[in-house]
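Enquirer: Have a peek at query.cif (mmCIF, C-alpha atoms and all ligand atoms).
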```cif
data_target
loop_
_atom_site.label_atom_id
_atom_site.label_comp_id
_atom_site.auth_asym_id
_atom_site.auth_seq_id
_atom_site.Cartn_x
_atom_site.Cartn_y
_atom_site.Cartn_z
CA MET Y 1 10.87 -36.87 12.01
CA ALA Y 2 8.83 -39.60 10.36
CA THR Y 3 7.29 -39.65 6.87
CA THR Y 4 10.18 -37.95 5.09
CA GLY Y 5 9.54 -37.95 1.37
CA THR Y 6 6.29 -39.88 1.64
CA LEU Y 7 4.49 -39.92 -1.67
CA LEU Y 8 0.88 -39.10 -0.95
CA THR Y 9 -0.73 -39.09 -4.37
CA SER Y 10 -0.36 -40.80 -7.71
CA ASN Y 11 3.04 -40.24 -9.27
CA SER Y 12 2.30 -42.38 -12.31
CA PRO Y 13 3.75 -41.16 -15.64
CA GLY Y 14 0.19 -40.41 -16.79
CA ASN Y 15 -0.34 -37.87 -14.01
CA LYS Y 16 0.71 -34.51 -15.49
CA LEU Y 17 -0.47 -32.34 -12.60
CA PRO Y 18 2.13 -29.97 -11.08
CA ARG Y 19 4.23 -31.56 -8.37
CA VAL Y 20 3.98 -29.78 -4.99
CA ILE Y 21 5.82 -30.72 -1.80
CA ILE Y 22 4.22 -30.14 1.62
CA LEU Y 23 6.73 -29.48 4.40
CA ALA Y 24 4.95 -29.79 7.74
CA THR Y 25 6.20 -28.08 10.90
CA GLY Y 26 3.14 -28.31 13.22
CA GLY Y 27 0.82 -25.58 14.51
CA THR Y 28 -2.92 -25.43 14.96
CA ILE Y 29 -3.55 -26.79 11.47
CA ALA Y 30 -2.24 -30.04 12.96
CA GLY Y 31 -3.75 -29.35 16.38
CA ALA Y 32 -6.24 -31.49 18.26
CA ALA Y 33 -8.72 -30.82 21.06
CA GLU Y 34 -10.82 -33.30 23.01
CA SER Y 35 -14.09 -31.87 21.66
CA SER Y 36 -15.12 -29.92 18.57
CA THR Y 37 -16.07 -26.78 20.56
CA GLN Y 38 -13.21 -26.69 23.04
CA THR Y 39 -10.99 -23.59 23.13
CA GLY Y 40 -7.99 -25.35 24.70
CA TYR Y 41 -5.99 -27.67 22.44
CA VAL Y 42 -2.51 -28.96 21.69
CA SER Y 43 -0.68 -27.81 18.53
CA GLY Y 44 1.22 -30.18 16.29
CA GLN Y 45 -0.61 -33.47 16.90
CA MET Y 46 -1.31 -34.60 13.32
CA THR Y 47 1.08 -35.72 10.61
CA VAL Y 48 1.17 -34.26 7.14
CA ALA Y 49 -0.47 -37.40 5.75
CA ALA Y 50 -3.41 -37.05 8.16
CA MET Y 51 -3.84 -33.34 7.31
CA LEU Y 52 -3.95 -34.11 3.59
CA ALA Y 53 -6.35 -37.00 4.09
CA ALA Y 54 -8.87 -34.35 5.26
CA VAL Y 55 -8.70 -32.65 1.83
CA PRO Y 56 -8.68 -35.36 -0.86
CA GLU Y 57 -9.60 -32.61 -3.39
CA THR Y 58 -5.92 -31.55 -3.40
CA ASN Y 59 -5.25 -34.67 -5.49
CA ASP Y 60 -7.22 -33.07 -8.33
CA ILE Y 61 -4.91 -30.05 -8.55
CA ALA Y 62 -1.41 -31.38 -7.78
CA ARG Y 63 0.77 -34.43 -7.24
CA LEU Y 64 1.74 -34.21 -3.59
CA SER Y 65 4.57 -35.47 -1.45
CA GLY Y 66 4.87 -34.71 2.25
CA GLU Y 67 7.78 -34.31 4.61
CA GLN Y 68 7.43 -33.82 8.36
CA LEU Y 69 10.29 -31.44 9.28
CA ALA Y 70 9.02 -30.69 12.80
CA ASN Y 71 5.77 -30.87 14.75
CA VAL Y 72 5.70 -27.90 17.12
CA GLY Y 73 3.42 -25.06 18.11
CA SER Y 74 5.08 -22.14 16.34
CA GLN Y 75 5.91 -20.48 19.68
CA ASP Y 76 8.55 -23.25 19.77
CA MET Y 77 9.80 -22.62 16.23
CA THR Y 78 13.60 -22.21 16.21
CA PHE Y 79 16.19 -20.81 13.84
CA LYS Y 80 17.61 -24.33 13.67
CA ILE Y 81 14.33 -25.59 12.16
CA MET Y 82 14.02 -22.48 9.96
CA ILE Y 83 17.53 -22.94 8.55
CA THR Y 84 16.79 -26.64 7.86
CA LEU Y 85 13.56 -25.56 6.17
CA ALA Y 86 15.27 -22.98 3.94
CA LYS Y 87 17.97 -25.46 2.90
CA ARG Y 88 15.40 -28.16 2.13
CA ILE Y 89 13.26 -25.76 0.08
CA ASN Y 90 16.32 -24.68 -1.89
CA GLU Y 91 17.12 -28.33 -2.66
CA LEU Y 92 13.55 -29.16 -3.65
CA LEU Y 93 12.95 -26.13 -5.85
CA ALA Y 94 16.21 -26.71 -7.73
CA ASP Y 95 14.50 -29.85 -9.09
CA GLU Y 96 12.86 -28.95 -12.40
CA ASN Y 97 10.08 -31.49 -11.74
CA ILE Y 98 8.87 -29.64 -8.65
CA SER Y 99 6.54 -26.67 -9.16
CA GLY Y 100 6.25 -25.28 -5.64
CA VAL Y 101 6.35 -25.87 -1.90
CA VAL Y 102 3.75 -25.48 0.86
CA VAL Y 103 4.92 -25.10 4.46
CA THR Y 104 2.36 -25.80 7.17
CA HIS Y 105 3.13 -23.73 10.27
CA GLY Y 106 1.55 -22.32 13.41
CA THR Y 107 0.18 -18.84 12.96
CA ASP Y 108 1.81 -17.26 16.04
CA THR Y 109 5.22 -16.83 14.41
CA MET Y 110 4.30 -17.53 10.78
CA GLU Y 111 5.23 -14.00 9.72
CA GLU Y 112 8.77 -14.50 11.07
CA THR Y 113 9.35 -17.76 9.19
CA ALA Y 114 7.76 -16.27 6.05
CA HIS Y 115 10.09 -13.27 6.25
CA PHE Y 116 13.10 -15.55 6.89
CA LEU Y 117 12.26 -17.69 3.84
CA ASN Y 118 11.60 -14.55 1.80
CA LEU Y 119 15.22 -13.59 2.47
CA THR Y 120 16.90 -17.00 2.16
CA VAL Y 121 15.10 -19.09 -0.47
CA LYS Y 122 16.93 -19.00 -3.81
CA SER Y 123 14.14 -19.61 -6.28
CA ARG Y 124 11.52 -17.87 -8.38
CA LYS Y 125 9.03 -20.70 -7.73
CA PRO Y 126 6.17 -20.32 -5.24
CA VAL Y 127 6.84 -20.89 -1.55
CA VAL Y 128 3.56 -20.78 0.37
CA LEU Y 129 3.07 -20.88 4.13
CA THR Y 130 -0.28 -21.80 5.58
CA GLY Y 131 -1.88 -22.78 8.85
CA ALA Y 132 -5.13 -22.60 10.73
CA MET Y 133 -6.71 -20.65 13.52
CA ARG Y 134 -8.94 -23.55 14.53
CA PRO Y 135 -7.62 -27.00 15.38
CA ALA Y 136 -8.34 -29.83 12.97
CA THR Y 137 -10.92 -31.24 15.41
CA ALA Y 138 -12.95 -27.98 15.73
CA VAL Y 139 -16.35 -27.11 14.25
CA SER Y 140 -15.65 -25.32 10.92
CA ALA Y 141 -11.92 -26.01 11.05
CA ASP Y 142 -10.23 -23.60 8.62
CA GLY Y 143 -7.14 -25.73 7.96
CA PRO Y 144 -8.45 -27.97 5.15
CA LEU Y 145 -9.51 -25.09 2.84
CA ASN Y 146 -6.34 -23.15 3.68
CA LEU Y 147 -4.32 -26.21 2.68
CA PHE Y 148 -6.30 -26.69 -0.53
CA ASN Y 149 -5.86 -23.02 -1.49
CA SER Y 150 -2.15 -23.12 -0.64
CA VAL Y 151 -1.58 -26.13 -2.88
CA ALA Y 152 -3.44 -24.27 -5.66
CA VAL Y 153 -1.15 -21.24 -5.26
CA ALA Y 154 2.02 -23.37 -5.03
CA ALA Y 155 1.00 -25.18 -8.23
CA ASP Y 156 0.26 -21.94 -10.06
CA PRO Y 157 3.05 -20.61 -12.35
CA GLN Y 158 1.56 -17.11 -11.92
CA ALA Y 159 2.53 -17.18 -8.24
CA ALA Y 160 6.23 -17.21 -9.21
CA GLU Y 161 8.56 -14.28 -8.45
CA ARG Y 162 6.35 -12.96 -5.64
CA GLY Y 163 8.59 -14.11 -2.77
CA ALA Y 164 7.41 -16.20 0.17
CA LEU Y 165 3.61 -16.03 0.44
CA VAL Y 166 1.15 -16.70 3.24
CA VAL Y 167 -2.21 -18.12 2.17
CA MET Y 168 -4.91 -17.96 4.87
CA ASN Y 169 -8.63 -17.30 4.74
CA ASP Y 170 -8.75 -16.81 0.94
CA ARG Y 171 -6.03 -14.11 0.99
CA ILE Y 172 -2.55 -14.26 -0.54
CA HIS Y 173 -0.17 -12.16 1.57
CA GLY Y 174 3.44 -11.21 0.88
CA ALA Y 175 5.99 -11.95 3.61
CA HIS Y 176 7.10 -8.31 3.91
CA SER Y 177 3.67 -6.83 4.51
CA LEU Y 178 1.69 -9.32 6.52
CA THR Y 179 1.16 -9.44 10.25
CA LYS Y 180 -1.02 -11.39 12.67
CA THR Y 181 -3.66 -9.05 14.08
CA ASN Y 182 -6.17 -11.15 16.02
CA THR Y 183 -5.55 -13.84 18.64
CA THR Y 184 -8.52 -16.04 17.70
CA SER Y 185 -10.28 -14.93 14.49
CA VAL Y 186 -9.83 -16.79 11.20
CA GLU Y 187 -9.38 -13.33 9.64
CA THR Y 188 -6.19 -12.75 11.59
CA PHE Y 189 -3.60 -11.94 8.91
CA LEU Y 190 -3.65 -8.51 7.31
CA SER Y 191 -1.18 -6.79 5.02
CA PRO Y 192 -1.44 -3.23 6.29
CA LEU Y 193 1.89 -1.99 4.90
CA ASN Y 194 1.54 -2.51 1.18
CA GLY Y 195 -1.60 -4.54 0.66
CA LEU Y 196 -2.40 -8.03 -0.51
CA ILE Y 197 -0.57 -9.94 -3.24
CA GLY Y 198 -3.86 -11.49 -4.30
CA THR Y 199 -6.81 -13.68 -3.40
CA VAL Y 200 -7.62 -17.37 -3.80
CA ASN Y 201 -11.14 -18.71 -3.76
CA TYR Y 202 -11.58 -22.51 -3.80
CA GLY Y 203 -8.29 -22.69 -5.68
CA HIS Y 204 -9.03 -19.87 -8.17
CA THR Y 205 -6.24 -17.31 -7.94
CA ARG Y 206 -6.13 -13.57 -8.70
CA TYR Y 207 -3.00 -11.45 -8.29
CA PHE Y 208 -2.82 -7.71 -7.73
CA ARG Y 209 0.90 -7.04 -7.48
CA LYS Y 210 4.46 -8.27 -7.02
CA PRO Y 211 6.45 -7.14 -3.98
CA PHE Y 212 8.75 -4.23 -4.84
CA ARG Y 213 11.33 -5.06 -2.14
CA ARG Y 214 14.18 -7.53 -2.76
CA HIS Y 215 13.40 -11.16 -1.90
CA THR Y 216 14.14 -14.83 -2.72
CA PHE Y 217 15.89 -14.99 -6.13
CA LEU Y 218 17.05 -11.35 -5.74
CA SER Y 219 18.20 -11.67 -2.13
CA GLU Y 220 21.89 -11.61 -1.22
CA PHE Y 221 21.37 -13.68 1.94
CA ASP Y 222 22.36 -17.33 1.90
CA VAL Y 223 22.09 -19.92 4.67
CA ASP Y 224 24.19 -22.47 2.80
CA GLY Y 225 26.86 -23.52 5.31
CA VAL Y 226 25.17 -21.57 8.13
CA ALA Y 227 24.21 -23.46 11.32
CA THR Y 228 23.44 -20.65 13.79
CA LEU Y 229 22.66 -16.95 13.69
CA PRO Y 230 24.02 -14.15 15.89
CA ARG Y 231 21.93 -13.15 18.91
CA VAL Y 232 19.68 -10.12 18.41
CA ASP Y 233 17.23 -9.10 21.15
CA ILE Y 234 14.01 -7.12 21.01
CA ILE Y 235 13.24 -4.60 23.78
CA TYR Y 236 9.70 -3.23 23.99
CA ALA Y 237 9.42 0.49 24.77
CA CYS Y 238 6.83 1.79 27.24
CA ILE Y 239 6.35 4.55 29.80
CA ASP Y 240 9.16 4.53 32.38
CA MET Y 241 10.87 1.61 30.63
CA PRO Y 242 13.88 0.45 32.65
CA ALA Y 243 17.04 1.48 30.77
CA ASP Y 244 19.04 -1.39 32.24
CA LEU Y 245 17.25 -3.81 29.87
CA ILE Y 246 19.78 -2.59 27.30
CA ASP Y 247 22.69 -3.43 29.62
CA GLY Y 248 21.20 -6.89 30.29
CA SER Y 249 21.01 -7.59 26.59
CA VAL Y 250 24.59 -6.47 25.96
CA ALA Y 251 25.83 -8.52 28.95
CA GLY Y 252 23.92 -11.52 27.56
CA GLY Y 253 25.94 -11.36 24.36
CA ALA Y 254 23.55 -9.65 21.95
CA ARG Y 255 25.29 -8.43 18.78
CA GLY Y 256 22.23 -6.39 17.94
CA ILE Y 257 19.19 -4.91 19.69
CA VAL Y 258 15.89 -3.96 18.09
CA ILE Y 259 13.88 -1.41 20.03
CA ALA Y 260 10.13 -1.89 19.57
CA GLY Y 261 9.84 1.84 20.00
CA ASP Y 262 6.90 4.12 20.74
CA GLY Y 263 5.55 5.89 17.67
CA ASN Y 264 8.29 6.61 15.16
CA GLY Y 265 10.80 4.38 16.96
CA ASN Y 266 11.13 6.41 20.16
CA MET Y 267 12.27 5.44 23.66
CA ASN Y 268 12.70 7.38 26.89
CA THR Y 269 15.81 9.50 27.47
CA ALA Y 270 17.42 7.08 29.92
CA THR Y 271 17.11 4.19 27.46
CA LEU Y 272 18.33 6.36 24.59
CA GLU Y 273 21.51 7.13 26.54
CA ARG Y 274 22.18 3.43 27.28
CA ALA Y 275 21.37 2.50 23.69
CA ALA Y 276 23.86 5.11 22.43
CA ARG Y 277 26.49 3.66 24.76
CA ALA Y 278 25.79 0.12 23.49
CA ALA Y 279 26.10 1.36 19.90
CA GLN Y 280 29.49 2.89 20.74
CA GLN Y 281 30.54 -0.56 22.02
CA GLY Y 282 29.69 -2.07 18.61
CA VAL Y 283 26.20 -3.44 19.27
CA VAL Y 284 23.94 -2.64 16.31
CA LEU Y 285 20.88 -0.69 17.49
CA VAL Y 286 17.79 -0.75 15.26
CA ARG Y 287 14.80 1.48 15.99
CA SER Y 288 11.57 -0.21 14.97
CA SER Y 289 8.07 0.48 16.30
CA ARG Y 290 5.39 -1.14 18.40
CA VAL Y 291 2.85 0.65 16.14
CA PRO Y 292 1.53 -1.87 13.58
CA THR Y 293 1.82 0.27 10.43
CA GLY Y 294 3.89 3.11 9.03
CA ARG Y 295 7.60 3.67 8.56
CA VAL Y 296 10.31 4.42 11.10
CA GLY Y 297 12.39 7.16 9.49
CA ARG Y 298 15.95 8.25 10.18
CA ASN Y 299 16.66 11.30 12.35
CA VAL Y 300 13.03 12.15 13.08
CA GLU Y 301 13.00 12.63 16.88
CA VAL Y 302 16.19 10.63 17.47
CA ASP Y 303 19.52 11.72 16.01
CA ASP Y 304 20.50 8.43 14.34
CA ASP Y 305 23.53 9.98 12.64
CA ARG Y 306 24.97 11.09 15.99
CA HIS Y 307 24.20 7.89 17.91
CA GLY Y 308 25.00 5.41 15.14
CA PHE Y 309 21.50 3.91 15.08
CA ILE Y 310 19.62 2.17 12.25
CA ALA Y 311 15.99 2.97 11.38
CA SER Y 312 13.90 -0.12 10.56
CA ASP Y 313 11.94 1.65 7.80
CA GLU Y 314 8.94 -0.69 7.22
CA LEU Y 315 9.92 -3.77 9.22
CA ASN Y 316 8.19 -4.53 12.50
CA PRO Y 317 10.44 -5.56 15.43
CA ALA Y 318 10.25 -9.34 14.81
CA LYS Y 319 11.05 -8.98 11.10
CA ALA Y 320 13.71 -6.31 11.73
CA ARG Y 321 15.40 -8.74 14.12
CA ILE Y 322 15.57 -11.46 11.44
CA LEU Y 323 17.01 -9.11 8.82
CA LEU Y 324 19.63 -7.92 11.32
CA MET Y 325 20.57 -11.50 12.30
CA LEU Y 326 21.18 -12.35 8.66
CA ALA Y 327 23.00 -9.06 8.05
CA LEU Y 328 25.37 -9.78 10.95
CA LEU Y 329 26.54 -13.03 9.35
CA LYS Y 330 29.18 -10.92 7.66
CA GLU Y 331 31.11 -7.74 8.40
CA ARG Y 332 29.13 -4.68 7.22
CA SER Y 333 29.25 -0.94 7.91
CA LEU Y 334 26.29 0.75 9.62
CA LYS Y 335 25.62 2.53 6.34
CA ASP Y 336 25.36 -0.82 4.55
CA ILE Y 337 23.07 -2.24 7.24
CA GLN Y 338 20.81 0.81 6.97
CA GLN Y 339 20.64 0.29 3.20
CA LEU Y 340 19.49 -3.32 3.76
CA PHE Y 341 16.51 -1.97 5.72
CA PHE Y 342 15.58 0.21 2.75
CA ASP Y 343 16.06 -2.59 0.22
CA TYR Y 344 14.42 -5.63 1.91
N1 LIG V 1 0.43 -21.35 19.24
C1 LIG V 1 -0.01 -22.07 18.10
C2 LIG V 1 0.96 -21.96 16.94
O1 LIG V 1 1.37 -20.92 16.53
C3 LIG V 1 -1.37 -21.65 17.79
C4 LIG V 1 -1.53 -20.67 16.72
C5 LIG V 1 -1.96 -21.28 15.42
O2 LIG V 1 -1.33 -22.15 14.83
O3 LIG V 1 -2.95 -20.79 15.01
O4 LIG V 1 1.34 -23.00 16.45
#
```
Would it be possible to restate this file's structure as structure tokens?
Expert:
Amino acid sequence: MATTGTLLTSNSPGNKLPRVIILATGGTIAGAAESSTQTGYVSGQMTVAAMLAAVPETNDIARLSGEQLANVGSQDMTFKIMITLAKRINELLADENISGVVVTHGTDTMEETAHFLNLTVKSRKPVVLTGAMRPATAVSADGPLNLFNSVAVAADPQAAERGALVVMNDRIHGAHSLTKTNTTSVETFLSPLNGLIGTVNYGHTRYFRKPFRRHTFLSEFDVDGVATLPRVDIIYACIDMPADLIDGSVAGGARGIVIAGDGNGNMNTATLERAARAAQQGVVLVRSSRVPTGRVGRNVEVDDDRHGFIASDELNPAKARILLMLALLKERSLKDIQQLFFDY
């Protein structure tokens, strides 16, 4: 895409502000509608330079460069783009002159990319994802302040060693805990699992905690040399769910299946039987939950030991899928894969 490496602010030797790189991928923050009160709009219409032009105040807190890695609504985000993003962030953050990175992204799948980067970025420096719920052309667009706050967090040495972060609506979320909870509200991201990492108010940061799970500089996952990831499907449990969805997934070539189970990772008896058969054939079966908070434990109502299943512990189906895809890049026992779900 265009504008790779564009320098957007003064890089003169006299400018001692922290250097932050904005990697733009699209989303509503770059979205445009025909009028300022219209609900329908198209994601990914503005370049990184245009987004930053809306917040000249960012020049007072950092030296910025922008790169346009993609320009898609995040429903069209792909692992190809995510792998490119992780590799580029690793390159950039290895440069001692760069303090942090901000990724602009649609909110629909932001938690998936955040979780992916949390597992694959090899740096202690801040990696911040941000976006907007309202398009750039809307009344009270939220993107400009989100971008300003994200640059402030990425430029802040205190944000280091907290893994990939999502900064939206004055909150600093950790990649493990956050989830999108509202289709339209600016207060859409919550961190119901383990709480917020901190807050940021007009660039003033406060931190409450560091994530206790492994991430970034402590993660064993590496996308160096990786171009594609193994197929893992998600199947959503419900009353009278058709058990042959499992067979369809296996026939389609899935190496793993995540069940978005009822309650504590449950599914009906017919599906359980097919899932056990798939596990015997070597497909890795992870029980997650369609319930937004709480853990999925081993051997609660389902005999995981007997069937050879994995319990997702705290990861929701979309995040469990990403961990499993990365786990399947190398040969591992079921015991080792289960341990990954406790550690990450
Ligand atoms: N579907 C769009 C996206 O995820 C809209 C959501 C947003 O960015 O807020 O890019």
Enquirer: Which residues are near ligand LIG 1 (chain V) in this structure, taking near to mean any atom at most 9 Å from a ligand atom and counting only C-alpha atoms and all ligand atoms? Format them as a ChimeraX atom specification.
Expert: /Y:25-31,41-44,72-77,105-110,131-135,183-184,186
Enquirer: Leaving out Val226 in chain Y and any residue of its chain fewer than 2 positions from it, which residues lie within 10 Å of it when counting all atoms listed in the file, given as a VMD selection string?
Expert: chain Y and resid 80 83 to 84 87 222 to 224 228 to 229 329
Enquirer: CA of Pro144 in chain Y and CA of Val55 in chain Y are how many Å apart?
Expert: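 Result for CA of Pro144 in chain Y versus CA of Val55 in chain Y: 5.7 Å, one decimal.
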Enquirer: Would you mind reading off the distance between CA of Ser249 in chain Y and CA of Glu301 in chain Y, one decimal, in Å?
Expert: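 Answer for the CA of Ser249 in chain Y to CA of Glu301 in chain Y separation: 23.8 Å.
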Enquirer: Would you compute the distance between CA of Tyr236 in chain Y and CA of Lys319 in chain Y? Give it in Å to one decimal.
Expert: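 Rounded to one decimal, the two atoms are 14.2 Å apart.
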Enquirer: Given the point (2.5, -15.3, -11.3) in the coordinates of this file, which residues lie within 12 Å, counting only C-alpha atoms, and how would they look as a list in words?
Expert: Arg124, Lys125, Pro126, Val153, Ala154, Ala155, Asp156, Pro157, Gln158, Ala159, Ala160, Glu161, Arg162, Gly163, Leu165, Ile172, Ile197, Gly198, Thr205, Arg206, Tyr207, Phe208, Arg209, Lys210 and Pro211 of chain Y
Enquirer: Can you list, as an MDAnalysis selection string, every protein, DNA or RNA residue that comes within 12 Å of Gly252 in chain Y when you count all atoms listed in the file, leaving out same-chain residues fewer than 6 positions away?
Expert: chainID Y and resid 230:233 245:246 283
Enquirer: Determine, counting only C-alpha atoms, which protein, DNA and RNA residues have an atom within 12 Å of an atom of Ile234 in chain Y; residues of the same chain fewer than 6 positions away are not included. Present the result as an NGL selection string.
Expert: :Y and (245-246 or 248-250 or 254-261 or 284-290 or 316-322 or 324-325)
Enquirer: Residues near Asn97 in chain Y, anyone? I mean within 12 Å using only C-alpha atoms, not counting same-chain ones fewer than 6 positions away, as a PyMOL selection string.
Expert: chain Y and resi 11+16-21+63-64+91+125+155
Enquirer: Which of these, Y:Ile22, Y:Ala136, Y:Val166, Y:Ala53, has the shortest distance to Leu85 in chain Y once you count all atoms listed in the file?
Expert: Y:Ile22
Enquirer: Compare Y:Leu23, Y:Val128, Y:Leu315, Y:Val151 by their minimum atom-to-atom distance to His204 in chain Y, counting all atoms listed in the file, and give me the closest one.
Expert: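 Comparing Y:Leu23, Y:Val128, Y:Leu315, Y:Val151 against His204 in chain Y, the winner is Y:Val151.
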Enquirer: For Gln339 in chain Y, which residue out of Y:Lys180, Y:Arg213, Y:Arg171, Y:Arg274 is the nearest one, using all atoms listed in the file?
Expert: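 Of the candidates, the smallest distance to Gln339 in chain Y is held by Y:Arg213.
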Enquirer: Calculated over only C-alpha atoms, which of the candidates Y:Leu328, Y:Ala276, Y:Leu340, Y:Leu323 has the smallest distance to Arg306 in chain Y?
Expert: Y:Ala276
Enquirer: Around the point (8.9, 1.6, -1.6), in the coordinates given by the file, pick out the residues reaching within 10 Å, counting all atoms listed in the file, and return them as a list in words.
Expert: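 The requested residues, written out, are Asn194, Pro211, Phe212, Arg213, Asp313, Glu314, Phe342, Asp343 and Tyr344 of chain Y.
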Enquirer: Using all atoms listed in the file, which of the listed residues (Y:Asn146, Y:Ser333, Y:Ser191, Y:Asn71) sits closest to Val48 in chain Y?
Expert: Y:Asn71
